[in-house]
file final.cif (mmCIF, C-alpha atoms)
data_upload
#
loop_
_atom_site.label_atom_id
_atom_site.label_comp_id
_atom_site.auth_asym_id
_atom_site.auth_seq_id
_atom_site.Cartn_x
_atom_site.Cartn_y
_atom_site.Cartn_z
CA MET A 1 -48.98 156.03 181.92
CA ASN A 2 -45.93 157.04 179.89
CA ASP A 3 -45.87 159.70 177.17
CA LYS A 4 -46.33 157.19 174.34
CA GLU A 5 -49.38 155.63 176.03
CA ARG A 6 -50.78 159.08 176.80
CA ARG A 7 -50.44 160.14 173.13
CA GLU A 8 -52.11 156.90 171.96
CA HIS A 9 -54.91 157.41 174.48
CA GLN A 10 -55.43 160.99 173.29
CA ARG A 11 -55.42 159.84 169.66
CA LEU A 12 -58.15 157.30 170.42
CA LEU A 13 -60.24 159.88 172.26
CA ASP A 14 -59.86 162.29 169.34
CA LEU A 15 -60.94 159.59 166.87
CA TRP A 16 -64.01 158.77 168.96
CA ALA A 17 -64.93 162.42 169.31
CA GLU A 18 -64.54 163.07 165.58
CA GLY A 19 -66.17 159.84 164.43
CA GLY A 20 -62.85 158.96 162.81
CA THR A 21 -61.71 155.93 160.92
CA MET A 22 -61.51 153.60 163.90
CA ASN A 23 -63.92 150.79 163.24
CA ALA A 24 -66.32 149.39 165.79
CA ILE A 25 -64.24 146.28 166.50
CA GLN A 26 -61.09 148.33 167.18
CA MET A 27 -63.05 150.66 169.44
CA ALA A 28 -64.61 147.78 171.36
CA ALA A 29 -61.20 146.13 171.78
CA LYS A 30 -59.68 149.32 173.20
CA LEU A 31 -62.63 149.82 175.56
CA TYR A 32 -62.28 146.24 176.82
CA GLU A 33 -58.53 146.80 177.30
CA CYS A 34 -59.41 149.77 179.52
CA ARG A 35 -61.83 147.64 181.49
CA ASP A 36 -59.34 144.82 181.96
CA ALA A 37 -56.60 147.23 183.08
CA ALA A 38 -58.92 148.94 185.56
CA ARG A 39 -60.17 145.62 186.91
CA SER A 40 -56.61 144.42 187.41
CA LEU A 41 -55.34 147.57 189.09
CA LEU A 42 -58.39 148.41 191.22
CA GLY A 43 -58.83 144.88 192.56
CA ALA A 44 -61.41 144.78 195.35
CA HIS A 45 -62.36 148.43 194.73
CA TYR A 46 -63.32 147.79 191.10
CA LYS A 47 -67.10 147.36 191.52
CA ARG A 48 -67.40 150.33 193.87
CA ASP A 49 -65.43 152.62 191.55
CA MET A 50 -67.35 151.43 188.48
CA ASP A 51 -70.66 152.16 190.20
CA LEU A 52 -69.51 155.66 191.14
CA TRP A 53 -68.22 156.47 187.66
CA ALA A 54 -71.38 155.04 186.09
CA LEU A 55 -73.38 157.58 188.09
CA ALA A 56 -71.10 160.37 186.83
CA ILE A 57 -71.43 159.19 183.23
CA LYS A 58 -75.22 158.99 183.52
CA GLY A 59 -75.28 162.47 185.06
CA VAL A 60 -73.25 163.99 182.23
CA ALA A 61 -75.30 162.12 179.61
CA ASP A 62 -78.54 163.41 181.13
CA ALA A 63 -77.24 166.97 181.52
CA ASP A 64 -75.80 167.12 178.00
CA LYS A 65 -78.59 165.02 176.45
CA CYS A 66 -76.04 162.75 174.81
CA SER A 67 -75.17 159.05 174.72
CA GLY A 68 -73.29 157.25 177.46
CA LEU A 69 -70.27 156.88 175.19
CA ALA A 70 -70.23 160.61 174.40
CA ALA A 71 -70.51 161.39 178.11
CA ALA A 72 -67.73 158.93 179.01
CA ASN A 73 -65.59 160.43 176.25
CA LYS A 74 -66.18 163.94 177.61
CA ILE A 75 -65.20 162.92 181.14
CA ALA A 76 -62.22 160.87 179.94
CA ARG A 77 -60.88 163.82 177.93
CA GLU A 78 -60.81 165.89 181.11
CA ALA A 79 -59.21 163.10 183.15
CA ASP A 80 -55.57 162.18 182.88
CA GLY A 81 -53.93 158.79 182.60
CA PHE A 82 -55.49 156.11 184.74
CA GLY A 83 -58.55 158.26 185.48
CA ALA A 84 -59.49 158.21 181.80
CA ILE A 85 -59.04 154.44 181.67
CA VAL A 86 -61.31 154.01 184.70
CA VAL A 87 -64.03 156.19 183.15
CA LEU A 88 -63.96 154.19 179.91
CA ALA A 89 -64.01 150.96 181.93
CA ALA A 90 -67.11 152.19 183.72
CA TYR A 91 -68.76 152.85 180.36
CA VAL A 92 -68.02 149.26 179.31
CA GLU A 93 -69.64 147.99 182.50
CA MET A 94 -72.69 150.18 181.84
CA ALA A 95 -73.04 149.14 178.20
CA GLU A 96 -72.37 145.44 178.64
CA PRO A 97 -75.50 143.33 178.96
CA LYS A 98 -76.06 141.92 182.43
CA VAL A 99 -78.13 138.97 181.27
CA LEU A 100 -77.18 135.62 182.74
CA MET A 101 -76.38 133.25 179.92
CA ASN A 102 -74.58 130.03 179.26
CA GLU A 103 -71.31 129.68 177.33
CA GLN A 104 -73.08 128.55 174.16
CA GLN A 105 -75.24 131.68 174.13
CA ARG A 106 -72.23 133.86 174.94
CA GLY A 107 -70.30 132.31 172.04
CA ALA A 108 -73.24 132.74 169.66
CA ILE A 109 -73.57 136.39 170.65
CA ALA A 110 -69.85 137.05 170.21
CA TYR A 111 -69.83 135.41 166.79
CA GLU A 112 -72.96 137.13 165.53
CA LEU A 113 -72.02 140.51 166.96
CA THR A 114 -68.56 140.44 165.42
CA LYS A 115 -69.98 139.33 162.08
CA ARG A 116 -72.64 142.04 162.14
CA LEU A 117 -70.25 144.78 163.27
CA VAL A 118 -68.08 144.04 160.29
CA ILE A 119 -71.04 144.00 157.90
CA ASP A 120 -73.53 146.46 159.27
CA MET A 121 -73.52 148.26 162.62
CA PRO A 122 -77.34 148.80 162.86
CA THR A 123 -78.06 145.07 162.69
CA ALA A 124 -75.77 144.28 165.64
CA ARG A 125 -78.53 144.71 168.21
CA ALA A 126 -80.88 142.43 166.28
CA ALA A 127 -78.16 139.76 166.19
CA VAL A 128 -77.71 139.94 169.96
CA ASP A 129 -81.46 139.68 170.51
CA ALA A 130 -81.67 136.69 168.18
CA ALA A 131 -78.79 134.91 169.91
CA LEU A 132 -80.47 135.34 173.31
CA LYS A 133 -83.69 133.64 172.21
CA PRO A 134 -83.98 130.10 173.60
#
call {"tool": "encode", "arguments": {"input": "final.cif", "output": "structure tokens"}}
result
Amino acid sequence: MNDKERREHQRLLDLWAEGGTMNAIQMAAKLYECRDAARSLLGAHYKRDMDLWALAIKGVADADKCSGLAAANKIAREADGFGAIVVLAAYVEMAEPKVLMNEQQRGAIAYELTKRLVIDMPTARAAVDAALKP
């Protein structure tokens, strides 16, 4: 990670920690970028590393009585470069639903979730639940 990327990464972490102006869609996009980068670079070790970091995130969340995102943010702030990306990727894997679904359901969820995130964050979960109903 070069200095410019490191500064951008730190800026994003600071925004998340402060509840800054980054909107939910921008945050989700950056988290998915972290996941994609980690998946690409870790290759066959990806699942193993994600499982290990998920345990660490859960441990910090339980110890600090905070959300998974807050715990991942705390760990990522202490990590440097690729380590921070891997931690945030593990959070994405933890937070992403593991429900088996078809492409039509996946598309409906993506559309509804994006629409709801733009309009009203609290209704996002209800939109996902509604899209999963047969």
call {"tool": "resolve_selection", "arguments": {"input": "final.cif", "expression": "the PyMOL selection byres ((chain A and resi 75) around 9)", "output": "list in words"}}
result
Ala56, Ile57, Val60, Ala70, Ala71, Ala72, Asn73, Lys74, Ala76, Arg77, Glu78, Ala79, Ala84, Val87 and Leu88 of chain A
call {"tool": "write_last_selection", "arguments": {"input": "final.cif", "atoms": "C-alpha atoms", "output": "short mmCIF file (atom, residue, chain, number, x, y, z; two decimals), in the frame of the given file"}}
result
data_model
loop_
_atom_site.label_atom_id
_atom_site.label_comp_id
_atom_site.auth_asym_id
_atom_site.auth_seq_id
_atom_site.Cartn_x
_atom_site.Cartn_y
_atom_site.Cartn_z
CA ALA A 56 -71.10 160.37 186.83
CA ILE A 57 -71.43 159.19 183.23
CA VAL A 60 -73.25 163.99 182.23
CA ALA A 70 -70.23 160.61 174.40
CA ALA A 71 -70.51 161.39 178.11
CA ALA A 72 -67.73 158.93 179.01
CA ASN A 73 -65.59 160.43 176.25
CA LYS A 74 -66.18 163.94 177.61
CA ALA A 76 -62.22 160.87 179.94
CA ARG A 77 -60.88 163.82 177.93
CA GLU A 78 -60.81 165.89 181.11
CA ALA A 79 -59.21 163.10 183.15
CA ALA A 84 -59.49 158.21 181.80
CA VAL A 87 -64.03 156.19 183.15
CA LEU A 88 -63.96 154.19 179.91
#
call {"tool": "closest_residue", "arguments": {"input": "final.cif", "among": "A:Ala63, A:Leu55, A:Leu41, A:Leu69", "to": "Met27 of chain A", "atoms": "all atoms listed in the file"}}
result
A:Leu69
call {"tool": "closest_residue", "arguments": {"input": "final.cif", "among": "A:Tyr91, A:Ala28, A:Asp36, A:Glu112", "to": "Ala61 of chain A", "atoms": "all atoms listed in the file"}}
result
A:Tyr91
call {"tool": "closest_residue", "arguments": {"input": "final.cif", "among": "A:Ala90, A:Asp80, A:Trp53, A:Gly59", "to": "Ala37 of chain A", "atoms": "only C-alpha atoms"}}
result
A:Ala90
